[in-house]
Number of protein chains: 2
Amino acid sequence: MSIKHSLLVLLGEGDRYGYELRQEFEGRTGGVWPLNVGQVYTTLERLERDGLVTREESDGGRQVRYRLADVGRTEVEQWWSSPVPVQKVGRDDVALKIALAASTPGVDVLAVIHAQRRAVMTSLQDLNRAKRTGSDEAWELVADALIFRAEAEVRWLDHTEARLAQRTPVTASGTRGALQTPGASAPDAVPATGEGVQR
Amino acid sequence: MSIKHSLLVLLGEGDRYGYELRQEFEGRTGGVWPLNVGQVYTTLERLERDGLVTREESDGGRQVRYRLADVGRTEVEQWWSSPVPVQKVGRDDVALKIALAASTPGVDVLAVIHAQRRAVMTSLQDLNRAKRTGSDEAWELVADALIFRAEAEVRWLDHTEARLAQRTPVTASGTRGALQTPGASAPDAVPATGEGVQR
DNA sequence: CGACACATGTAACACGTTACATGATTTG
DNA sequence: CAAATCATGTAACGTGTTACATGTGTCG
């Protein structure tokens with residue numbers, strides 16, 4: 001959904017050809033989102049098929065310029081004015097995994113949580129380190145988004161661990177022993193304002 | 001990646017047939033993740049093709065029982081012991097959109113941010129309301145994950161808005177006027193510990 | 001010349017999603 | 001009986017991803 005619209009946005013600024021679109025895209029996003037060239041072409045094909053863009057060969061057939069059609073222009077405007085749909089359904093891989101782990105006998109939920117947190121915090125370090133290096137504005141925006149999200153995930157993992165730790169430890173027959181860290185207290189209402197991210 | 005492993009996990013507790021798997025899955029996840037039955041069957045096909053499960057008809061051909069193969073069992077164990085890969089690359093639809101908006105002339109970034117925040121906060125309300133209703137443990141886990149993530153997104157939107165507001169407003173020729181909310185101060189270091197989510 | 005950037009494409013696959021088709025069995 | 005539930009599947013599409021194929025132009 002996003003590549004399609006991104007290309008449309010770029011085409012909104014003027015006619016472009018595939019190769020060019022890819023370069024601009026990576027420039028705009030600070031290279032955070034590496035885009036395979038092939039994908040640009042296939043996406044453009046679909047866009048043309050759906051009548052959002054028109055194609056015309058130029059430079060004696062060496063380049064294939066694309067132009068934003070009216071339908072496409074409308075599409076872009078709608079995209080700008082409507083928010084990215086929030087995942088109401090709950091397609092969250094991590095949450096699903098933990099929920100599954102919590103309800104599966106013989107699985108060490110705490111260990112799963114620990115492993116996950118370790119991974120998230122590592123990537124968090126990487127992100128913060130990389131953020132200091134790169135100076136691109138777009139890059140920093142995206143990096144911050146990832147950082148905020150990662151921090152939220154850590155907070156959620158803490159929250160969940162605390163909650164699971166205080167439940168009746170019936171299914172205590174784990175595969176291997178997990179470090180039983182107590183975790184912060186779990187506020188019952190809105191779980192925001194977690195402050196302990198660093199460990 | 002998750003449905004596949006979820007089915008494998010369920011099969012780890014004993015032989016199951018498709019219909020049954022779907023019911024158990026929805027039960028375990030508190031129904032948060034509605035799973036189309038057809039998808040269970042196609043997924044099972046792939047799993048069988050890849051040798052992770054074996055199939056055998058039972059009940060006179062009325063049911064098709066699946067059994068976890070050794071390869072599948074290994075796969076499950078690996079899944080439990082390895083974290084869900086953190087999105088290092090930055091496939092973040094919202095961040096991409098905002099970054100694009102910020103670098104596209106004639107687009108009102110603030111308006112885009114506002115629309116997004118409005119949507120997120122609405123879903124946040126829904127989630128909190130629904131959380132009070134449902135009492136399932138799995139459901140609450142997943143709901144919390146979504147809540148934490150949504151809050152992080154709001155915080156990031158605030159953060160980004162503040163940052164964009166203080167940059168030289170050269171491209172001030174927006175499509176329509178946006179409410180110029182000042183937003184919180186932007187801490188330069190780690191942007192965690194945002195506390196003002198409610199508006 | 002050889003390597004590299006430019007430029008376009010095809011093929012195949014993975015995963016998810018929706019919709020439709022088809023029967024058997026239970027139950028009001 | 002009719003409707004709902006049980007149970008299995010197929011077809012088609014959307015989006016993303018990787019890998020490969022092919023040719024031109026430029027520059028050291």
# chains A, B, ... in the order shown; residues from 1 in each chain; ligands from 1

$ residues_around --residues "range 8-25 of chain D" --least-positions-apart "2" --cutoff "9 Å" --atoms "only C-alpha atoms (C1' of nucleotides)" --output "PyMOL selection string"
(chain A and resi 1+36+39+62) or (chain B and resi 18-19+38+41-42+62-64) or (chain C and resi 5-14+16-22)

$ calpha_fit_and_write --fixed "chain A" --moving "chain B" --output "PDB file with C-alpha atoms, in the first residue's frame"
ATOM      1  CA  MET B   1       0.053   0.003   0.020  1.00  0.00           C
ATOM      2  CA  SER B   2       2.848   2.403   0.719  1.00  0.00           C
ATOM      3  CA  ILE B   3       5.148   1.878  -2.222  1.00  0.00           C
ATOM      4  CA  LYS B   4       2.283   2.379  -4.580  1.00  0.00           C
ATOM      5  CA  HIS B   5       1.351   5.685  -3.031  1.00  0.00           C
ATOM      6  CA  SER B   6       4.927   6.782  -2.659  1.00  0.00           C
ATOM      7  CA  LEU B   7       5.474   6.391  -6.364  1.00  0.00           C
ATOM      8  CA  LEU B   8       2.286   8.274  -7.056  1.00  0.00           C
ATOM      9  CA  VAL B   9       3.448  11.101  -4.821  1.00  0.00           C
ATOM     10  CA  LEU B  10       6.774  11.312  -6.605  1.00  0.00           C
ATOM     11  CA  LEU B  11       5.053  11.278  -9.969  1.00  0.00           C
ATOM     12  CA  GLY B  12       2.909  14.136  -8.721  1.00  0.00           C
ATOM     13  CA  GLU B  13       5.945  16.383  -8.921  1.00  0.00           C
ATOM     14  CA  GLY B  14       6.525  15.612 -12.559  1.00  0.00           C
ATOM     15  CA  ASP B  15       7.016  12.806 -15.022  1.00  0.00           C
ATOM     16  CA  ARG B  16       9.543  10.225 -14.027  1.00  0.00           C
ATOM     17  CA  TYR B  17      10.896   6.900 -15.180  1.00  0.00           C
ATOM     18  CA  GLY B  18      11.398   3.866 -13.022  1.00  0.00           C
ATOM     19  CA  TYR B  19      15.059   4.099 -12.277  1.00  0.00           C
ATOM     20  CA  GLU B  20      14.682   7.707 -11.342  1.00  0.00           C
ATOM     21  CA  LEU B  21      11.766   6.981  -9.050  1.00  0.00           C
ATOM     22  CA  ARG B  22      13.731   4.497  -7.091  1.00  0.00           C
ATOM     23  CA  GLN B  23      16.593   6.913  -6.549  1.00  0.00           C
ATOM     24  CA  GLU B  24      14.311   9.677  -5.437  1.00  0.00           C
ATOM     25  CA  PHE B  25      12.449   7.379  -3.130  1.00  0.00           C
ATOM     26  CA  GLU B  26      15.586   6.250  -1.394  1.00  0.00           C
ATOM     27  CA  GLY B  27      16.802   9.791  -1.186  1.00  0.00           C
ATOM     28  CA  ARG B  28      13.601  10.989   0.410  1.00  0.00           C
ATOM     29  CA  THR B  29      13.498   8.240   2.977  1.00  0.00           C
ATOM     30  CA  GLY B  30      17.151   8.618   3.811  1.00  0.00           C
ATOM     31  CA  GLY B  31      17.863   5.201   2.376  1.00  0.00           C
ATOM     32  CA  VAL B  32      16.158   3.578   5.328  1.00  0.00           C
ATOM     33  CA  TRP B  33      13.772   1.786   3.073  1.00  0.00           C
ATOM     34  CA  PRO B  34      15.854   0.033   0.444  1.00  0.00           C
ATOM     35  CA  LEU B  35      13.692  -0.416  -2.590  1.00  0.00           C
ATOM     36  CA  ASN B  36      14.379  -3.077  -5.172  1.00  0.00           C
ATOM     37  CA  VAL B  37      14.290  -1.637  -8.681  1.00  0.00           C
ATOM     38  CA  GLY B  38      12.313  -4.545  -9.994  1.00  0.00           C
ATOM     39  CA  GLN B  39       9.580  -3.745  -7.577  1.00  0.00           C
ATOM     40  CA  VAL B  40       9.320  -0.245  -8.940  1.00  0.00           C
ATOM     41  CA  TYR B  41       8.669  -1.596 -12.388  1.00  0.00           C
ATOM     42  CA  THR B  42       6.114  -4.149 -11.307  1.00  0.00           C
ATOM     43  CA  THR B  43       4.368  -1.556  -9.202  1.00  0.00           C
ATOM     44  CA  LEU B  44       4.329   0.862 -12.118  1.00  0.00           C
ATOM     45  CA  GLU B  45       2.810  -1.866 -14.265  1.00  0.00           C
ATOM     46  CA  ARG B  46       0.000  -2.327 -11.783  1.00  0.00           C
ATOM     47  CA  LEU B  47      -0.505   1.399 -11.524  1.00  0.00           C
ATOM     48  CA  GLU B  48      -0.793   1.650 -15.265  1.00  0.00           C
ATOM     49  CA  ARG B  49      -3.129  -1.310 -15.386  1.00  0.00           C
ATOM     50  CA  ASP B  50      -5.366   0.408 -12.841  1.00  0.00           C
ATOM     51  CA  GLY B  51      -5.307   3.644 -14.797  1.00  0.00           C
ATOM     52  CA  LEU B  52      -3.518   5.674 -12.151  1.00  0.00           C
ATOM     53  CA  VAL B  53      -0.615   6.511 -14.416  1.00  0.00           C
ATOM     54  CA  THR B  54       0.070   6.597 -18.114  1.00  0.00           C
ATOM     55  CA  ARG B  55       3.242   5.459 -19.775  1.00  0.00           C
ATOM     56  CA  GLU B  56       5.049   6.789 -22.773  1.00  0.00           C
ATOM     57  CA  GLU B  57       8.415   5.866 -24.171  1.00  0.00           C
ATOM     58  CA  SER B  58      10.959   8.598 -24.490  1.00  0.00           C
ATOM     59  CA  ASP B  59      14.590   8.986 -25.455  1.00  0.00           C
ATOM     60  CA  GLY B  60      14.080   6.647 -28.364  1.00  0.00           C
ATOM     61  CA  GLY B  61      12.750   3.819 -26.313  1.00  0.00           C
ATOM     62  CA  ARG B  62      15.547   3.943 -23.777  1.00  0.00           C
ATOM     63  CA  GLN B  63      13.386   5.388 -21.074  1.00  0.00           C
ATOM     64  CA  VAL B  64       9.782   4.808 -20.149  1.00  0.00           C
ATOM     65  CA  ARG B  65       8.329   7.920 -18.676  1.00  0.00           C
ATOM     66  CA  TYR B  66       5.303   7.714 -16.465  1.00  0.00           C
ATOM     67  CA  ARG B  67       2.804  10.465 -15.940  1.00  0.00           C
ATOM     68  CA  LEU B  68       0.295  10.775 -13.153  1.00  0.00           C
ATOM     69  CA  ALA B  69      -3.238  10.414 -14.509  1.00  0.00           C
ATOM     70  CA  ASP B  70      -6.196  12.267 -13.054  1.00  0.00           C
ATOM     71  CA  VAL B  71      -7.358   9.169 -11.271  1.00  0.00           C
ATOM     72  CA  GLY B  72      -3.935   8.881  -9.756  1.00  0.00           C
ATOM     73  CA  ARG B  73      -3.945  12.484  -8.681  1.00  0.00           C
ATOM     74  CA  THR B  74      -7.229  11.956  -6.895  1.00  0.00           C
ATOM     75  CA  GLU B  75      -5.811   8.885  -5.258  1.00  0.00           C
ATOM     76  CA  VAL B  76      -2.855  10.820  -3.917  1.00  0.00           C
ATOM     77  CA  GLU B  77      -5.039  13.545  -2.509  1.00  0.00           C
ATOM     78  CA  GLN B  78      -7.168  10.981  -0.767  1.00  0.00           C
ATOM     79  CA  TRP B  79      -4.092   9.306   0.594  1.00  0.00           C
ATOM     80  CA  TRP B  80      -2.845  12.539   2.095  1.00  0.00           C
ATOM     81  CA  SER B  81      -6.151  13.389   3.657  1.00  0.00           C
ATOM     82  CA  SER B  82      -6.889   9.982   5.135  1.00  0.00           C
ATOM     83  CA  PRO B  83      -4.820   8.400   7.889  1.00  0.00           C
ATOM     84  CA  VAL B  84      -2.946   5.168   7.524  1.00  0.00           C
ATOM     85  CA  PRO B  85      -5.433   2.607   8.815  1.00  0.00           C
ATOM     86  CA  VAL B  86      -4.624   1.681  12.392  1.00  0.00           C
ATOM     87  CA  GLN B  87      -4.329  -2.021  12.925  1.00  0.00           C
ATOM     88  CA  LYS B  88      -7.551  -2.618  14.759  1.00  0.00           C
ATOM     89  CA  VAL B  89      -7.515  -6.358  14.361  1.00  0.00           C
ATOM     90  CA  GLY B  90      -4.336  -7.006  16.196  1.00  0.00           C
ATOM     91  CA  ARG B  91      -1.960  -8.422  13.640  1.00  0.00           C
ATOM     92  CA  ASP B  92       0.920  -8.209  16.041  1.00  0.00           C
ATOM     93  CA  ASP B  93       3.428 -11.007  15.625  1.00  0.00           C
ATOM     94  CA  VAL B  94       5.073 -10.556  18.980  1.00  0.00           C
ATOM     95  CA  ALA B  95       1.849 -10.257  20.927  1.00  0.00           C
ATOM     96  CA  LEU B  96       0.460 -13.291  19.183  1.00  0.00           C
ATOM     97  CA  LYS B  97       3.534 -15.286  19.979  1.00  0.00           C
ATOM     98  CA  ILE B  98       3.542 -14.355  23.643  1.00  0.00           C
ATOM     99  CA  ALA B  99      -0.177 -14.973  23.978  1.00  0.00           C
ATOM    100  CA  LEU B 100       0.345 -18.350  22.418  1.00  0.00           C
ATOM    101  CA  ALA B 101       3.304 -19.076  24.663  1.00  0.00           C
ATOM    102  CA  ALA B 102       1.316 -18.095  27.717  1.00  0.00           C
ATOM    103  CA  SER B 103      -1.415 -20.566  26.904  1.00  0.00           C
ATOM    104  CA  THR B 104       0.763 -23.446  25.780  1.00  0.00           C
ATOM    105  CA  PRO B 105       1.839 -25.934  28.440  1.00  0.00           C
ATOM    106  CA  GLY B 106       5.526 -26.752  28.496  1.00  0.00           C
ATOM    107  CA  VAL B 107       6.597 -23.435  27.092  1.00  0.00           C
ATOM    108  CA  ASP B 108       8.664 -21.045  29.137  1.00  0.00           C
ATOM    109  CA  VAL B 109       6.880 -17.757  28.558  1.00  0.00           C
ATOM    110  CA  LEU B 110       9.354 -15.775  30.550  1.00  0.00           C
ATOM    111  CA  ALA B 111      12.211 -17.090  28.457  1.00  0.00           C
ATOM    112  CA  VAL B 112      10.355 -16.109  25.316  1.00  0.00           C
ATOM    113  CA  ILE B 113       9.783 -12.647  26.698  1.00  0.00           C
ATOM    114  CA  HIS B 114      13.400 -12.288  27.725  1.00  0.00           C
ATOM    115  CA  ALA B 115      14.676 -13.339  24.325  1.00  0.00           C
ATOM    116  CA  GLN B 116      12.364 -10.871  22.678  1.00  0.00           C
ATOM    117  CA  ARG B 117      13.373  -8.029  24.935  1.00  0.00           C
ATOM    118  CA  ARG B 118      17.016  -8.750  24.392  1.00  0.00           C
ATOM    119  CA  ALA B 119      16.507  -8.542  20.635  1.00  0.00           C
ATOM    120  CA  VAL B 120      14.500  -5.357  20.810  1.00  0.00           C
ATOM    121  CA  MET B 121      16.967  -3.640  23.066  1.00  0.00           C
ATOM    122  CA  THR B 122      19.836  -4.572  20.837  1.00  0.00           C
ATOM    123  CA  SER B 123      18.128  -3.062  17.842  1.00  0.00           C
ATOM    124  CA  LEU B 124      17.328  -0.073  20.025  1.00  0.00           C
ATOM    125  CA  GLN B 125      21.014   0.442  20.693  1.00  0.00           C
ATOM    126  CA  ASP B 126      21.791   0.090  17.020  1.00  0.00           C
ATOM    127  CA  LEU B 127      19.164   2.638  16.164  1.00  0.00           C
ATOM    128  CA  ASN B 128      20.380   5.178  18.682  1.00  0.00           C
ATOM    129  CA  ARG B 129      23.945   4.698  17.560  1.00  0.00           C
ATOM    130  CA  ALA B 130      23.019   5.014  13.923  1.00  0.00           C
ATOM    131  CA  LYS B 131      20.909   8.050  14.667  1.00  0.00           C
ATOM    132  CA  ARG B 132      23.922   9.887  15.999  1.00  0.00           C
ATOM    133  CA  THR B 133      25.766   9.093  12.777  1.00  0.00           C
ATOM    134  CA  GLY B 134      23.246   9.955  10.105  1.00  0.00           C
ATOM    135  CA  SER B 135      22.039  13.494   9.831  1.00  0.00           C
ATOM    136  CA  ASP B 136      19.332  13.262   7.221  1.00  0.00           C
ATOM    137  CA  GLU B 137      15.998  14.688   8.314  1.00  0.00           C
ATOM    138  CA  ALA B 138      13.948  11.940   6.748  1.00  0.00           C
ATOM    139  CA  TRP B 139      16.224   9.361   8.190  1.00  0.00           C
ATOM    140  CA  GLU B 140      15.837  10.739  11.669  1.00  0.00           C
ATOM    141  CA  LEU B 141      12.076  10.768  11.378  1.00  0.00           C
ATOM    142  CA  VAL B 142      11.983   7.132  10.443  1.00  0.00           C
ATOM    143  CA  ALA B 143      14.625   6.214  12.988  1.00  0.00           C
ATOM    144  CA  ASP B 144      12.659   7.941  15.733  1.00  0.00           C
ATOM    145  CA  ALA B 145       9.548   6.078  14.734  1.00  0.00           C
ATOM    146  CA  LEU B 146      11.360   2.808  15.059  1.00  0.00           C
ATOM    147  CA  ILE B 147      12.877   3.875  18.366  1.00  0.00           C
ATOM    148  CA  PHE B 148       9.546   4.904  19.819  1.00  0.00           C
ATOM    149  CA  ARG B 149       8.005   1.673  18.683  1.00  0.00           C
ATOM    150  CA  ALA B 150      10.828  -0.427  20.049  1.00  0.00           C
ATOM    151  CA  GLU B 151      10.592   1.323  23.387  1.00  0.00           C
ATOM    152  CA  ALA B 152       6.897   0.675  23.479  1.00  0.00           C
ATOM    153  CA  GLU B 153       7.550  -2.965  22.825  1.00  0.00           C
ATOM    154  CA  VAL B 154      10.018  -3.149  25.684  1.00  0.00           C
ATOM    155  CA  ARG B 155       7.514  -1.474  27.962  1.00  0.00           C
ATOM    156  CA  TRP B 156       4.853  -3.913  26.896  1.00  0.00           C
ATOM    157  CA  LEU B 157       7.168  -6.841  27.482  1.00  0.00           C
ATOM    158  CA  ASP B 158       7.891  -5.550  30.995  1.00  0.00           C
ATOM    159  CA  HIS B 159       4.222  -5.057  31.606  1.00  0.00           C
ATOM    160  CA  THR B 160       3.349  -8.505  30.350  1.00  0.00           C
ATOM    161  CA  GLU B 161       6.119 -10.184  32.249  1.00  0.00           C
ATOM    162  CA  ALA B 162       4.978  -8.572  35.470  1.00  0.00           C
ATOM    163  CA  ARG B 163       1.421  -9.621  34.830  1.00  0.00           C
ATOM    164  CA  LEU B 164       2.342 -13.194  34.014  1.00  0.00           C
ATOM    165  CA  ALA B 165       4.717 -13.429  36.959  1.00  0.00           C
ATOM    166  CA  GLN B 166       1.972 -12.599  39.416  1.00  0.00           C
ATOM    167  CA  ARG B 167      -0.488 -15.106  38.080  1.00  0.00           C
ATOM    168  CA  THR B 168      -0.785 -18.517  39.751  1.00  0.00           C
ATOM    169  CA  PRO B 169       2.322 -20.351  38.561  1.00  0.00           C
ATOM    170  CA  VAL B 170       0.496 -23.583  37.848  1.00  0.00           C
ATOM    171  CA  THR B 171       2.178 -24.395  34.554  1.00  0.00           C
ATOM    172  CA  ALA B 172       5.606 -24.099  36.113  1.00  0.00           C
ATOM    173  CA  SER B 173       7.062 -27.028  34.190  1.00  0.00           C
ATOM    174  CA  GLY B 174       9.138 -25.007  31.769  1.00  0.00           C
ATOM    175  CA  THR B 175      11.570 -26.459  29.267  1.00  0.00           C
ATOM    176  CA  ARG B 176      14.459 -24.674  30.877  1.00  0.00           C
ATOM    177  CA  GLY B 177      14.648 -22.330  33.830  1.00  0.00           C
ATOM    178  CA  ALA B 178      14.095 -18.667  33.147  1.00  0.00           C
ATOM    179  CA  LEU B 179      15.571 -15.836  35.131  1.00  0.00           C
ATOM    180  CA  GLN B 180      12.715 -14.678  37.271  1.00  0.00           C
ATOM    181  CA  THR B 181      13.009 -10.928  37.112  1.00  0.00           C
ATOM    182  CA  PRO B 182      10.286  -9.199  39.115  1.00  0.00           C
ATOM    183  CA  GLY B 183       9.590  -6.409  36.655  1.00  0.00           C
ATOM    184  CA  ALA B 184       7.931  -3.113  37.414  1.00  0.00           C
ATOM    185  CA  SER B 185       4.568  -2.803  39.054  1.00  0.00           C
ATOM    186  CA  ALA B 186       1.667  -3.039  36.690  1.00  0.00           C
ATOM    187  CA  PRO B 187      -0.616  -0.018  36.730  1.00  0.00           C
ATOM    188  CA  ASP B 188      -4.097  -1.263  36.090  1.00  0.00           C
ATOM    189  CA  ALA B 189      -5.515   1.655  34.164  1.00  0.00           C
ATOM    190  CA  VAL B 190      -3.880   3.093  31.066  1.00  0.00           C
ATOM    191  CA  PRO B 191      -0.438   1.514  30.932  1.00  0.00           C
ATOM    192  CA  ALA B 192       1.285   4.527  29.424  1.00  0.00           C
ATOM    193  CA  THR B 193       4.033   6.540  31.034  1.00  0.00           C
ATOM    194  CA  GLY B 194       6.397   3.692  31.573  1.00  0.00           C
ATOM    195  CA  GLU B 195       9.756   5.219  32.254  1.00  0.00           C
ATOM    196  CA  GLY B 196      12.150   2.408  32.960  1.00  0.00           C
ATOM    197  CA  VAL B 197      13.374   1.288  29.598  1.00  0.00           C
ATOM    198  CA  GLN B 198      17.077   0.992  30.227  1.00  0.00           C
ATOM    199  CA  ARG B 199      18.243  -2.056  32.112  1.00  0.00           C
TER     200      ARG B 199
END

$ select_by_dssp --residues "chain A" --states "strand (DSSP E)" --output "list of chain:residue names"
A:Arg16, A:Tyr17, A:Val53, A:Thr54, A:Arg55, A:Glu56, A:Glu57, A:Ser58, A:Gln63, A:Val64, A:Arg65, A:Tyr66, A:Arg67, A:Leu68

$ residues_around --residues "DG28 in chain D" --least-positions-apart "4" --cutoff "12 Å" --atoms "only C-alpha atoms (C1' of nucleotides)" --output "ChimeraX atom specification"
/C:1-4

$ select_by_dssp --residues "chain A" --states "helix (DSSP H, G or I)" --output "ChimeraX atom specification"
/A:2-12,18-28,37-49,70-81,93-102,109-133,137-165
